[in-house]
Every structure is written in structure tokens, then in C-alpha cells.
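Structure file structure-v6.cif; described as mmCIF, N, CA and C atoms.
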```cif
data_query
#
loop_
_atom_site.label_atom_id
_atom_site.label_comp_id
_atom_site.auth_asym_id
_atom_site.auth_seq_id
_atom_site.Cartn_x
_atom_site.Cartn_y
_atom_site.Cartn_z
N MET A 1258 -8.34 293.72 337.26
CA MET A 1258 -7.03 293.32 336.85
C MET A 1258 -7.10 292.87 335.40
N GLU A 1259 -6.21 293.38 334.58
CA GLU A 1259 -6.15 293.03 333.16
C GLU A 1259 -5.10 291.95 332.98
N SER A 1260 -5.50 290.82 332.47
CA SER A 1260 -4.57 289.72 332.25
C SER A 1260 -5.17 288.79 331.22
N PRO A 1261 -4.38 288.33 330.24
CA PRO A 1261 -4.92 287.34 329.31
C PRO A 1261 -5.42 286.14 330.10
N LEU A 1262 -6.47 285.52 329.63
CA LEU A 1262 -7.07 284.44 330.39
C LEU A 1262 -7.30 283.21 329.52
N PRO A 1263 -6.24 282.53 329.15
CA PRO A 1263 -6.46 281.31 328.39
C PRO A 1263 -6.88 280.16 329.31
N ALA A 1264 -7.89 279.45 328.89
CA ALA A 1264 -8.27 278.24 329.61
C ALA A 1264 -7.41 277.11 329.06
N LEU A 1265 -7.00 276.18 329.90
CA LEU A 1265 -6.06 275.20 329.41
C LEU A 1265 -6.28 273.81 329.94
N GLN A 1266 -5.74 272.91 329.21
CA GLN A 1266 -5.65 271.52 329.62
C GLN A 1266 -4.30 271.41 330.31
N ARG A 1267 -4.19 270.60 331.31
CA ARG A 1267 -3.04 270.60 332.21
C ARG A 1267 -1.70 270.28 331.57
N ARG A 1268 -1.66 269.72 330.36
CA ARG A 1268 -0.38 269.36 329.74
C ARG A 1268 0.24 270.50 328.93
N LEU A 1269 -0.35 271.67 328.96
CA LEU A 1269 0.18 272.80 328.18
C LEU A 1269 1.61 273.15 328.57
N PHE A 1270 1.89 273.23 329.85
CA PHE A 1270 3.20 273.70 330.30
C PHE A 1270 4.34 272.79 329.85
N PRO A 1271 4.22 271.47 329.97
CA PRO A 1271 5.31 270.63 329.46
C PRO A 1271 5.45 270.72 327.93
N VAL A 1272 4.34 270.82 327.21
CA VAL A 1272 4.41 270.91 325.75
C VAL A 1272 5.19 272.16 325.34
N LEU A 1273 4.93 273.26 326.01
CA LEU A 1273 5.61 274.52 325.69
C LEU A 1273 6.93 274.70 326.43
N LYS A 1274 7.27 273.72 327.26
CA LYS A 1274 8.50 273.76 328.07
C LYS A 1274 8.55 275.02 328.93
N ILE A 1275 7.43 275.32 329.57
CA ILE A 1275 7.35 276.44 330.51
C ILE A 1275 7.64 275.89 331.90
N GLU A 1276 8.63 276.46 332.53
CA GLU A 1276 9.12 275.97 333.82
C GLU A 1276 8.25 276.46 334.98
N PHE A 1277 7.98 275.56 335.92
CA PHE A 1277 7.29 275.95 337.15
C PHE A 1277 8.32 276.50 338.12
N ILE A 1278 8.04 277.67 338.66
CA ILE A 1278 8.89 278.31 339.66
C ILE A 1278 8.48 277.86 341.06
N ASP A 1279 7.16 277.73 341.24
CA ASP A 1279 6.62 277.33 342.53
C ASP A 1279 5.25 276.72 342.31
N GLY A 1280 4.84 275.85 343.20
CA GLY A 1280 3.52 275.26 343.11
C GLY A 1280 3.47 274.11 342.13
N ARG A 1281 2.29 273.96 341.50
CA ARG A 1281 2.04 272.77 340.69
C ARG A 1281 1.02 273.05 339.60
N VAL A 1282 0.86 272.06 338.74
CA VAL A 1282 -0.14 272.10 337.67
C VAL A 1282 -1.46 271.54 338.22
N PHE A 1283 -2.55 271.78 337.51
CA PHE A 1283 -3.84 271.22 337.90
C PHE A 1283 -3.81 269.69 337.77
N THR A 1284 -4.51 269.00 338.65
CA THR A 1284 -4.68 267.56 338.48
C THR A 1284 -5.86 267.33 337.55
N GLU A 1285 -5.94 266.12 336.99
CA GLU A 1285 -7.09 265.79 336.13
C GLU A 1285 -8.39 265.92 336.91
N ALA A 1286 -8.39 265.49 338.18
CA ALA A 1286 -9.60 265.57 339.00
C ALA A 1286 -10.02 267.03 339.19
N GLU A 1287 -9.07 267.92 339.36
CA GLU A 1287 -9.39 269.35 339.53
C GLU A 1287 -9.95 269.93 338.24
N VAL A 1288 -9.38 269.55 337.11
CA VAL A 1288 -9.88 270.04 335.81
C VAL A 1288 -11.29 269.52 335.58
N GLU A 1289 -11.49 268.21 335.74
CA GLU A 1289 -12.80 267.61 335.52
C GLU A 1289 -13.83 268.11 336.54
N GLY A 1290 -13.38 268.42 337.75
CA GLY A 1290 -14.27 268.92 338.79
C GLY A 1290 -14.53 270.42 338.71
N LYS A 1291 -13.99 271.07 337.69
CA LYS A 1291 -14.17 272.51 337.47
C LYS A 1291 -13.75 273.33 338.69
N ARG A 1292 -12.66 272.93 339.32
CA ARG A 1292 -12.17 273.66 340.48
C ARG A 1292 -11.68 275.04 340.06
N LYS A 1293 -11.96 276.02 340.85
CA LYS A 1293 -11.57 277.40 340.56
C LYS A 1293 -10.14 277.62 341.04
N LEU A 1294 -9.21 277.21 340.19
CA LEU A 1294 -7.78 277.30 340.48
C LEU A 1294 -7.11 278.08 339.36
N ALA A 1295 -5.95 278.64 339.66
CA ALA A 1295 -5.23 279.43 338.65
C ALA A 1295 -3.73 279.20 338.77
N ILE A 1296 -3.07 279.34 337.64
CA ILE A 1296 -1.62 279.35 337.57
C ILE A 1296 -1.26 280.69 336.95
N VAL A 1297 -0.28 281.37 337.52
CA VAL A 1297 0.10 282.70 337.07
C VAL A 1297 1.58 282.73 336.70
N ASN A 1298 1.97 283.76 335.94
CA ASN A 1298 3.38 283.90 335.63
C ASN A 1298 4.06 284.85 336.63
N GLN A 1299 5.38 284.93 336.54
CA GLN A 1299 6.15 285.76 337.48
C GLN A 1299 5.77 287.23 337.38
N THR A 1300 5.50 287.71 336.18
CA THR A 1300 5.12 289.12 336.02
C THR A 1300 3.81 289.41 336.73
N PHE A 1301 2.87 288.48 336.68
CA PHE A 1301 1.61 288.63 337.41
C PHE A 1301 1.89 288.78 338.91
N VAL A 1302 2.74 287.92 339.44
CA VAL A 1302 3.08 287.96 340.87
C VAL A 1302 3.70 289.31 341.22
N HIS A 1303 4.67 289.77 340.43
CA HIS A 1303 5.36 291.03 340.72
C HIS A 1303 4.42 292.22 340.64
N LYS A 1304 3.50 292.21 339.67
CA LYS A 1304 2.60 293.35 339.49
C LYS A 1304 1.47 293.39 340.52
N TYR A 1305 0.88 292.23 340.82
CA TYR A 1305 -0.31 292.23 341.66
C TYR A 1305 -0.09 291.74 343.09
N LEU A 1306 0.96 290.99 343.34
CA LEU A 1306 1.16 290.38 344.67
C LEU A 1306 2.58 290.61 345.17
N ALA A 1307 3.12 291.77 344.92
CA ALA A 1307 4.55 292.08 345.08
C ALA A 1307 5.24 291.46 346.30
N LYS A 1308 4.67 291.57 347.46
CA LYS A 1308 5.38 291.12 348.65
C LYS A 1308 4.75 289.91 349.31
N GLU A 1309 3.79 289.29 348.64
CA GLU A 1309 3.09 288.17 349.25
C GLU A 1309 3.45 286.87 348.53
N ASN A 1310 3.40 285.77 349.27
CA ASN A 1310 3.54 284.46 348.67
C ASN A 1310 2.28 284.22 347.84
N PRO A 1311 2.41 284.00 346.52
CA PRO A 1311 1.22 283.87 345.69
C PRO A 1311 0.42 282.60 345.93
N LEU A 1312 1.08 281.52 346.35
CA LEU A 1312 0.37 280.26 346.52
C LEU A 1312 -0.67 280.38 347.62
N GLY A 1313 -1.88 280.00 347.27
CA GLY A 1313 -2.98 280.08 348.22
C GLY A 1313 -3.74 281.40 348.17
N GLN A 1314 -3.17 282.41 347.51
CA GLN A 1314 -3.88 283.69 347.37
C GLN A 1314 -5.07 283.49 346.44
N ARG A 1315 -6.11 284.25 346.68
CA ARG A 1315 -7.30 284.19 345.83
C ARG A 1315 -7.38 285.45 344.99
N VAL A 1316 -7.71 285.27 343.71
CA VAL A 1316 -7.85 286.41 342.81
C VAL A 1316 -9.24 286.39 342.19
N HIS A 1317 -9.79 287.57 342.01
CA HIS A 1317 -11.13 287.73 341.44
C HIS A 1317 -10.97 288.03 339.95
N ILE A 1318 -11.64 287.24 339.12
CA ILE A 1318 -11.57 287.43 337.67
C ILE A 1318 -12.92 287.94 337.20
N ALA A 1319 -13.10 289.24 337.28
CA ALA A 1319 -14.38 289.87 336.98
C ALA A 1319 -14.86 289.56 335.56
N THR A 1320 -13.95 289.45 334.62
CA THR A 1320 -14.30 289.16 333.22
C THR A 1320 -15.18 287.92 333.10
N LEU A 1321 -14.92 286.92 333.91
CA LEU A 1321 -15.69 285.68 333.83
C LEU A 1321 -17.14 285.86 334.25
N ALA A 1322 -17.40 286.81 335.12
CA ALA A 1322 -18.77 287.05 335.59
C ALA A 1322 -19.48 288.12 334.77
N GLU A 1323 -18.70 288.94 334.05
CA GLU A 1323 -19.31 290.09 333.38
C GLU A 1323 -19.39 289.97 331.87
N THR A 1324 -18.38 289.44 331.21
CA THR A 1324 -18.35 289.50 329.75
C THR A 1324 -18.47 288.17 329.03
N PHE A 1325 -18.26 287.07 329.72
CA PHE A 1325 -18.36 285.77 329.05
C PHE A 1325 -19.82 285.38 328.87
N ALA A 1326 -20.13 284.72 327.78
CA ALA A 1326 -21.50 284.30 327.51
C ALA A 1326 -22.02 283.36 328.60
N ASP A 1327 -21.22 282.40 328.99
CA ASP A 1327 -21.62 281.51 330.09
C ASP A 1327 -20.93 281.99 331.36
N LYS A 1328 -21.54 282.99 331.96
CA LYS A 1328 -20.96 283.66 333.12
C LYS A 1328 -20.63 282.68 334.25
N VAL A 1329 -19.49 282.94 334.89
CA VAL A 1329 -19.04 282.10 336.00
C VAL A 1329 -19.44 282.81 337.30
N PRO A 1330 -20.31 282.20 338.09
CA PRO A 1330 -20.69 282.84 339.36
C PRO A 1330 -19.52 282.80 340.35
N ASP A 1331 -19.44 283.82 341.16
CA ASP A 1331 -18.42 283.89 342.21
C ASP A 1331 -17.03 283.55 341.67
N PRO A 1332 -16.50 284.38 340.74
CA PRO A 1332 -15.26 284.04 340.05
C PRO A 1332 -13.98 284.32 340.86
N TRP A 1333 -13.86 283.70 342.01
CA TRP A 1333 -12.65 283.77 342.83
C TRP A 1333 -11.85 282.50 342.61
N PHE A 1334 -10.57 282.67 342.29
CA PHE A 1334 -9.71 281.53 341.96
C PHE A 1334 -8.50 281.51 342.87
N GLU A 1335 -8.12 280.33 343.32
CA GLU A 1335 -6.95 280.16 344.18
C GLU A 1335 -5.72 279.89 343.32
N ILE A 1336 -4.65 280.62 343.56
CA ILE A 1336 -3.39 280.41 342.84
C ILE A 1336 -2.70 279.18 343.41
N ILE A 1337 -2.42 278.22 342.52
CA ILE A 1337 -1.74 276.99 342.95
C ILE A 1337 -0.36 276.83 342.31
N GLY A 1338 -0.03 277.71 341.37
CA GLY A 1338 1.26 277.58 340.69
C GLY A 1338 1.74 278.89 340.10
N VAL A 1339 3.07 278.99 340.01
CA VAL A 1339 3.72 280.15 339.37
C VAL A 1339 4.69 279.59 338.34
N VAL A 1340 4.58 280.10 337.11
CA VAL A 1340 5.47 279.66 336.04
C VAL A 1340 6.39 280.79 335.60
N ALA A 1341 7.47 280.41 334.97
CA ALA A 1341 8.42 281.39 334.44
C ALA A 1341 7.75 282.24 333.37
N ASP A 1342 8.22 283.46 333.24
CA ASP A 1342 7.73 284.33 332.19
C ASP A 1342 8.19 283.81 330.83
N VAL A 1343 7.30 283.93 329.84
CA VAL A 1343 7.64 283.58 328.46
C VAL A 1343 7.09 284.66 327.55
N LYS A 1344 7.68 284.79 326.40
CA LYS A 1344 7.24 285.79 325.41
C LYS A 1344 6.10 285.20 324.60
N ASN A 1345 4.87 285.61 324.91
CA ASN A 1345 3.70 285.09 324.21
C ASN A 1345 3.13 286.05 323.18
N ARG A 1346 3.63 287.27 323.15
CA ARG A 1346 3.05 288.27 322.26
C ARG A 1346 4.04 288.82 321.25
N GLY A 1347 5.15 288.16 321.08
CA GLY A 1347 6.18 288.64 320.16
C GLY A 1347 7.46 288.93 320.91
N LEU A 1348 8.57 288.82 320.23
CA LEU A 1348 9.86 288.99 320.88
C LEU A 1348 10.12 290.43 321.32
N GLN A 1349 9.55 291.41 320.64
CA GLN A 1349 9.79 292.80 320.99
C GLN A 1349 8.88 293.30 322.10
N ASP A 1350 7.73 292.69 322.26
CA ASP A 1350 6.76 293.17 323.24
C ASP A 1350 7.15 292.78 324.65
N PRO A 1351 6.85 293.65 325.62
CA PRO A 1351 7.15 293.30 327.01
C PRO A 1351 6.27 292.14 327.49
N ILE A 1352 6.77 291.42 328.45
CA ILE A 1352 6.00 290.32 329.03
C ILE A 1352 4.87 290.90 329.87
N GLU A 1353 3.69 290.37 329.68
CA GLU A 1353 2.51 290.83 330.40
C GLU A 1353 2.15 289.84 331.49
N PRO A 1354 1.41 290.30 332.52
CA PRO A 1354 0.91 289.37 333.53
C PRO A 1354 -0.04 288.37 332.85
N GLU A 1355 0.10 287.10 333.19
CA GLU A 1355 -0.77 286.08 332.62
C GLU A 1355 -1.29 285.14 333.70
N MET A 1356 -2.48 284.60 333.42
CA MET A 1356 -3.12 283.66 334.33
C MET A 1356 -3.78 282.57 333.48
N TRP A 1357 -3.70 281.33 333.95
CA TRP A 1357 -4.33 280.21 333.27
C TRP A 1357 -5.29 279.54 334.24
N ILE A 1358 -6.44 279.14 333.70
CA ILE A 1358 -7.45 278.44 334.50
C ILE A 1358 -7.81 277.14 333.77
N PRO A 1359 -8.44 276.18 334.46
CA PRO A 1359 -8.84 274.94 333.78
C PRO A 1359 -9.82 275.22 332.64
N TYR A 1360 -9.66 274.50 331.54
CA TYR A 1360 -10.52 274.72 330.38
C TYR A 1360 -11.98 274.37 330.65
N THR A 1361 -12.26 273.63 331.70
CA THR A 1361 -13.63 273.21 332.00
C THR A 1361 -14.45 274.29 332.71
N ILE A 1362 -13.82 275.38 333.10
CA ILE A 1362 -14.53 276.45 333.83
C ILE A 1362 -15.56 277.13 332.95
N THR A 1363 -15.21 277.40 331.70
CA THR A 1363 -16.12 278.08 330.80
C THR A 1363 -15.95 277.56 329.38
N GLY A 1364 -17.03 277.53 328.65
CA GLY A 1364 -16.97 277.14 327.24
C GLY A 1364 -16.79 278.33 326.34
N SER A 1365 -16.72 279.54 326.92
CA SER A 1365 -16.64 280.76 326.12
C SER A 1365 -15.23 281.17 325.74
N SER A 1366 -14.23 280.57 326.34
CA SER A 1366 -12.87 280.99 326.01
C SER A 1366 -12.40 280.31 324.74
N ALA A 1367 -11.38 280.90 324.12
CA ALA A 1367 -10.84 280.35 322.88
C ALA A 1367 -10.21 278.98 323.14
N ARG A 1368 -10.25 278.15 322.13
CA ARG A 1368 -9.65 276.82 322.21
C ARG A 1368 -8.59 276.70 321.13
N GLY A 1369 -7.60 275.90 321.41
CA GLY A 1369 -6.54 275.68 320.43
C GLY A 1369 -5.93 274.31 320.65
N LEU A 1370 -5.07 273.92 319.75
CA LEU A 1370 -4.41 272.63 319.85
C LEU A 1370 -2.92 272.85 319.61
N LEU A 1371 -2.10 272.34 320.51
CA LEU A 1371 -0.65 272.41 320.36
C LEU A 1371 -0.11 271.00 320.31
N VAL A 1372 0.81 270.77 319.40
CA VAL A 1372 1.43 269.46 319.26
C VAL A 1372 2.94 269.66 319.21
N ARG A 1373 3.66 268.93 320.05
CA ARG A 1373 5.12 268.97 320.01
C ARG A 1373 5.59 267.70 319.32
N THR A 1374 6.47 267.86 318.33
CA THR A 1374 6.99 266.73 317.60
C THR A 1374 8.44 266.98 317.21
N SER A 1375 9.20 265.92 317.11
CA SER A 1375 10.57 266.05 316.63
C SER A 1375 10.60 265.84 315.12
N ALA A 1376 9.50 265.38 314.55
CA ALA A 1376 9.41 265.18 313.10
C ALA A 1376 8.98 266.48 312.42
N ASP A 1377 8.98 266.48 311.11
CA ASP A 1377 8.48 267.61 310.35
C ASP A 1377 6.99 267.77 310.65
N PRO A 1378 6.56 268.91 311.20
CA PRO A 1378 5.14 269.07 311.58
C PRO A 1378 4.17 268.82 310.43
N ALA A 1379 4.57 269.13 309.21
CA ALA A 1379 3.67 268.92 308.06
C ALA A 1379 3.32 267.45 307.89
N THR A 1380 4.24 266.56 308.27
CA THR A 1380 3.96 265.13 308.13
C THR A 1380 2.94 264.64 309.16
N MET A 1381 2.66 265.42 310.17
CA MET A 1381 1.72 265.04 311.23
C MET A 1381 0.28 265.48 310.94
N MET A 1382 0.09 266.36 309.99
CA MET A 1382 -1.22 266.99 309.79
C MET A 1382 -2.35 266.00 309.53
N ASN A 1383 -2.15 265.02 308.68
CA ASN A 1383 -3.23 264.06 308.39
C ASN A 1383 -3.60 263.25 309.63
N ALA A 1384 -2.60 262.82 310.39
CA ALA A 1384 -2.88 262.06 311.62
C ALA A 1384 -3.62 262.92 312.63
N ILE A 1385 -3.24 264.17 312.75
CA ILE A 1385 -3.91 265.08 313.68
C ILE A 1385 -5.35 265.33 313.25
N ARG A 1386 -5.55 265.61 311.97
CA ARG A 1386 -6.91 265.81 311.46
C ARG A 1386 -7.78 264.57 311.74
N HIS A 1387 -7.21 263.40 311.51
CA HIS A 1387 -7.94 262.16 311.74
C HIS A 1387 -8.38 262.04 313.19
N GLU A 1388 -7.49 262.33 314.11
CA GLU A 1388 -7.81 262.23 315.55
C GLU A 1388 -8.85 263.26 315.96
N ILE A 1389 -8.77 264.46 315.42
CA ILE A 1389 -9.72 265.51 315.78
C ILE A 1389 -11.11 265.18 315.25
N CYS A 1390 -11.18 264.65 314.05
CA CYS A 1390 -12.47 264.38 313.41
C CYS A 1390 -13.05 263.02 313.74
N ARG A 1391 -12.28 262.19 314.46
CA ARG A 1391 -12.75 260.84 314.79
C ARG A 1391 -13.96 260.92 315.73
N PRO A 1392 -15.01 260.15 315.44
CA PRO A 1392 -16.17 260.15 316.34
C PRO A 1392 -15.78 259.69 317.74
N ILE A 1393 -16.39 260.30 318.73
CA ILE A 1393 -16.14 259.93 320.11
C ILE A 1393 -17.04 258.74 320.45
N ALA A 1394 -16.44 257.70 320.99
CA ALA A 1394 -17.22 256.52 321.37
C ALA A 1394 -18.08 256.85 322.58
N THR A 1395 -19.31 256.44 322.51
CA THR A 1395 -20.22 256.64 323.63
C THR A 1395 -20.71 255.29 324.12
N SER A 1396 -21.01 255.23 325.36
CA SER A 1396 -21.56 253.97 325.90
C SER A 1396 -23.00 254.20 326.29
N ARG A 1397 -23.79 253.19 326.12
CA ARG A 1397 -25.21 253.28 326.48
C ARG A 1397 -25.50 252.28 327.57
N SER A 1398 -26.31 252.72 328.49
CA SER A 1398 -26.75 251.81 329.56
C SER A 1398 -27.86 250.93 329.02
N PRO A 1399 -27.86 249.64 329.38
CA PRO A 1399 -28.94 248.75 328.89
C PRO A 1399 -30.27 249.11 329.50
#
```

Kindly transcribe the structure held in the file into C-alpha cells.
Amino acid sequence: MESPLPALQRRLFPVLKIEFIDGRVFTEAEVEGKRKLAIVNQTFVHKYLAKENPLGQRVHIATLAETFADKVPDPWFEIIGVVADVKNRGLQDPIEPEMWIPYTITGSSARGLLVRTSADPATMMNAIRHEICRPIATSRSP
């Protein structure tokens, strides 16, 4: 099955205002626990699961086991959510089937940062750079 495979942090959908049609988003525990879960769009459901309820269905993502540098063993993922279709490839291009998995599943997928603001985005750049470059506090056991 050919489908874009962005790994994501669970707050992506509200930031982009993508509506859930059915199911739910990943919980923090599921993301941190590297649970093999997926959220798909309506086009994915229509193309691959036409007459079945998508929730609870398992899909095999061969790309994760074959082409990623840090291969994912047994790449079967349970669909837990369906989101509305959105134009991710340009306004003229048709909507493609899409699937999202927790970002903790693999370190080989692309990473990005999205920020929603009501202010001028240019005014946020220094604060964003500061947060990204800030050292992460670590704790040491005595």
C-alpha cells in the first residue's frame, strides 16, 4: 500500500484544525510506549477498507520493515482514528490516502515543527529558536 507516512506528535491534528471523523488521537502513554497505532484519512478508508469499519483494523506498513534505516519489526498497526481529508500536496492535486503513526516508532522519518499563532509569525521566530536550542535539563541519580 502506497501512503505518505509522517510520524507525528499527538497535537498535530488540533494545530492544523484537522477534524476527527471517528476514533481518537494517540494518548501520551501510547506515543511514549511506541504502540503500533495509526490514524488514517477518509481517502485511505475508501481506497483500502471500502466496506469495513476502519477502527480496530490492522494494516501492514512494509516500508517500515524494508526501507527505513532503523527497521521496525512486525510492522502491523491498528487503526484507532479517522480524520477528514485535507489538501496536503497543493490545491490542484487530488487528495491521497494518508496514515499517521506515533513519532516514537522510528527515528528515520522526517521531523518538522508546526506553530499556530494569532500574531505575526515572524515575531515568534526568536522565541521558537530559543526553545529549540535550549539545553534539555537532565537529572542524575546520586

Exercise for review: Name the residues that the PyMOL selection byres ((chain A and resi 1330-1334) around 6) picks from the file above, as a list in words, using the file's chain letters and numbers.
Suggested key: Lys1293, Leu1294, Ala1295, Gln1314, Arg1315, Val1316, His1317, Ile1318, Ala1322, Lys1328, Val1329, Glu1335 and Ile1336 of chain A

Exercise for review: as an NGL selection string, please: all residues of stretch 1305-1339 of chain A that backbone DSSP puts in helix (DSSP H, G or I).
Suggested key: :A and (1305 or 1319-1323)

Practice item. Please return as a list of chain:residue names: the residues of chain A that backbone DSSP assigns to strand (DSSP E or B). Key: A:Ala1264, A:Leu1265, A:Phe1277, A:Ile1278, A:Asp1279, A:Gly1280, A:Leu1294, A:Ala1295, A:Ile1296, A:Val1297, A:Asn1298, A:Arg1315, A:Val1316, A:His1317, A:Trp1333, A:Phe1334, A:Glu1335, A:Ile1336, A:Ile1337, A:Gly1338, A:Val1339, A:Val1340, A:Met1356, A:Trp1357, A:Ile1358, A:Pro1359

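If you count only C-alpha atoms and ignore residues fewer than 5 places along the chain from A:Phe1277, what sits within 8 Å of it is A:Gly1338, A:Val1339, A:Val1340, A:Ala1341.
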
Check your understanding: What does the distance from atom CA of A:Met1356 to atom CA of A:Gln1299 come to in Å, to one decimal?
Key -> 10.0 Å

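Our summary of the geometry notes that atom N of A:Arg1292 is positioned 13.2 Å from atom C of A:Ile1337.
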
Exercise for review: Kindly indicate which residue among A:Lys1308, A:Thr1363, A:Asp1342, A:His1303 lies nearest to A:Ile1275, using only N, CA and C atoms for the distances.
Suggested key: A:Asp1342

Exercise for review: Run the PyMOL selection byres (((chain A and resi 1354 and name CA) around 6) and name CA) mentally over the shown coordinates, then write out the matched residues as a ChimeraX atom specification, using the chain letters and numbers from the document.
Suggested key: /A:1260,1300-1301,1353,1355

Using N, CA and C atoms, can you write the selected residues to a file as a PDB file, in the coordinates of the input?
```
ATOM      1  N   SER A1260      -5.500 290.820 332.470  1.00  0.00           N
ATOM      2  CA  SER A1260      -4.570 289.720 332.250  1.00  0.00           C
ATOM      3  C   SER A1260      -5.170 288.790 331.220  1.00  0.00           C
ATOM      4  N   THR A1300       5.500 287.710 336.180  1.00  0.00           N
ATOM      5  CA  THR A1300       5.120 289.120 336.020  1.00  0.00           C
ATOM      6  C   THR A1300       3.810 289.410 336.730  1.00  0.00           C
ATOM      7  N   PHE A1301       2.870 288.480 336.680  1.00  0.00           N
ATOM      8  CA  PHE A1301       1.610 288.630 337.410  1.00  0.00           C
ATOM      9  C   PHE A1301       1.890 288.780 338.910  1.00  0.00           C
ATOM     10  N   GLU A1353       3.690 290.370 329.680  1.00  0.00           N
ATOM     11  CA  GLU A1353       2.510 290.830 330.400  1.00  0.00           C
ATOM     12  C   GLU A1353       2.150 289.840 331.490  1.00  0.00           C
ATOM     13  N   GLU A1355       0.100 287.100 333.190  1.00  0.00           N
ATOM     14  CA  GLU A1355      -0.770 286.080 332.620  1.00  0.00           C
ATOM     15  C   GLU A1355      -1.290 285.140 333.700  1.00  0.00           C
TER      16      GLU A1355
END
```

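Separating atom CA of A:Lys1274 from atom C of A:Pro1351 is a distance of 18.5 Å.
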
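Distance annotation: of A:Arg1373, A:Ala1326, A:Glu1285, A:Pro1311, the residue with the minimal separation from A:Val1272 is A:Arg1373; atom set is all atoms listed in the file.
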
Check your understanding: Which one is closest to A:Trp1357: A:Asp1377, A:Val1302, A:Cys1390, A:Ile1296? Count all atoms listed in the file.
Key -> A:Ile1296

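With all atoms listed in the file as the basis for measurement, A:Ile1362 is the residue among A:Gly1290, A:Leu1306, A:Glu1388, A:Ile1362 that approaches A:Asp1327 most closely.
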
Complete stretch 1352-1358 of chain A at the level of all heavy atoms, written as a short mmCIF file (atom, residue, chain, number, x, y, z; two decimals), keeping the file's coordinate frame.
```
data_model
loop_
_atom_site.label_atom_id
_atom_site.label_comp_id
_atom_site.auth_asym_id
_atom_site.auth_seq_id
_atom_site.Cartn_x
_atom_site.Cartn_y
_atom_site.Cartn_z
N ILE A 1352 6.77 291.42 328.45
CA ILE A 1352 6.00 290.32 329.03
C ILE A 1352 4.87 290.90 329.87
O ILE A 1352 5.09 291.81 330.67
CB ILE A 1352 6.91 289.40 329.86
CG1 ILE A 1352 7.92 288.73 328.94
CG2 ILE A 1352 6.09 288.37 330.63
CD1 ILE A 1352 8.99 287.94 329.66
N GLU A 1353 3.69 290.37 329.68
CA GLU A 1353 2.51 290.83 330.40
C GLU A 1353 2.15 289.84 331.49
O GLU A 1353 2.49 288.66 331.42
CB GLU A 1353 1.32 290.96 329.43
CG GLU A 1353 1.51 291.99 328.35
CD GLU A 1353 1.50 293.41 328.89
OE1 GLU A 1353 0.80 293.67 329.90
OE2 GLU A 1353 2.19 294.26 328.30
N PRO A 1354 1.41 290.30 332.52
CA PRO A 1354 0.91 289.37 333.53
C PRO A 1354 -0.04 288.37 332.85
O PRO A 1354 -0.85 288.75 332.01
CB PRO A 1354 0.13 290.26 334.50
CG PRO A 1354 0.61 291.63 334.24
CD PRO A 1354 1.05 291.68 332.81
N GLU A 1355 0.10 287.10 333.19
CA GLU A 1355 -0.77 286.08 332.62
C GLU A 1355 -1.29 285.14 333.70
O GLU A 1355 -0.64 284.93 334.71
CB GLU A 1355 -0.02 285.25 331.57
CG GLU A 1355 0.36 286.05 330.35
CD GLU A 1355 0.94 285.17 329.27
OE1 GLU A 1355 0.14 284.65 328.45
OE2 GLU A 1355 2.16 285.01 329.25
N MET A 1356 -2.48 284.60 333.42
CA MET A 1356 -3.12 283.66 334.33
C MET A 1356 -3.78 282.57 333.48
O MET A 1356 -4.32 282.86 332.42
CB MET A 1356 -4.18 284.38 335.14
CG MET A 1356 -4.98 283.48 336.05
SD MET A 1356 -6.37 284.32 336.84
CE MET A 1356 -5.58 285.72 337.56
N TRP A 1357 -3.70 281.33 333.95
CA TRP A 1357 -4.33 280.21 333.27
C TRP A 1357 -5.29 279.54 334.24
O TRP A 1357 -4.98 279.39 335.42
CB TRP A 1357 -3.28 279.19 332.82
CG TRP A 1357 -2.33 279.71 331.79
CD1 TRP A 1357 -2.45 279.59 330.43
CD2 TRP A 1357 -1.11 280.42 332.01
NE1 TRP A 1357 -1.38 280.17 329.81
CE2 TRP A 1357 -0.53 280.70 330.76
CE3 TRP A 1357 -0.44 280.86 333.15
CZ2 TRP A 1357 0.66 281.37 330.60
CZ3 TRP A 1357 0.76 281.54 333.01
CH2 TRP A 1357 1.29 281.79 331.74
N ILE A 1358 -6.44 279.14 333.70
CA ILE A 1358 -7.45 278.44 334.50
C ILE A 1358 -7.81 277.14 333.77
O ILE A 1358 -7.56 277.01 332.58
CB ILE A 1358 -8.70 279.31 334.72
CG1 ILE A 1358 -9.39 279.62 333.39
CG2 ILE A 1358 -8.33 280.58 335.49
CD1 ILE A 1358 -10.73 280.31 333.53
#
```
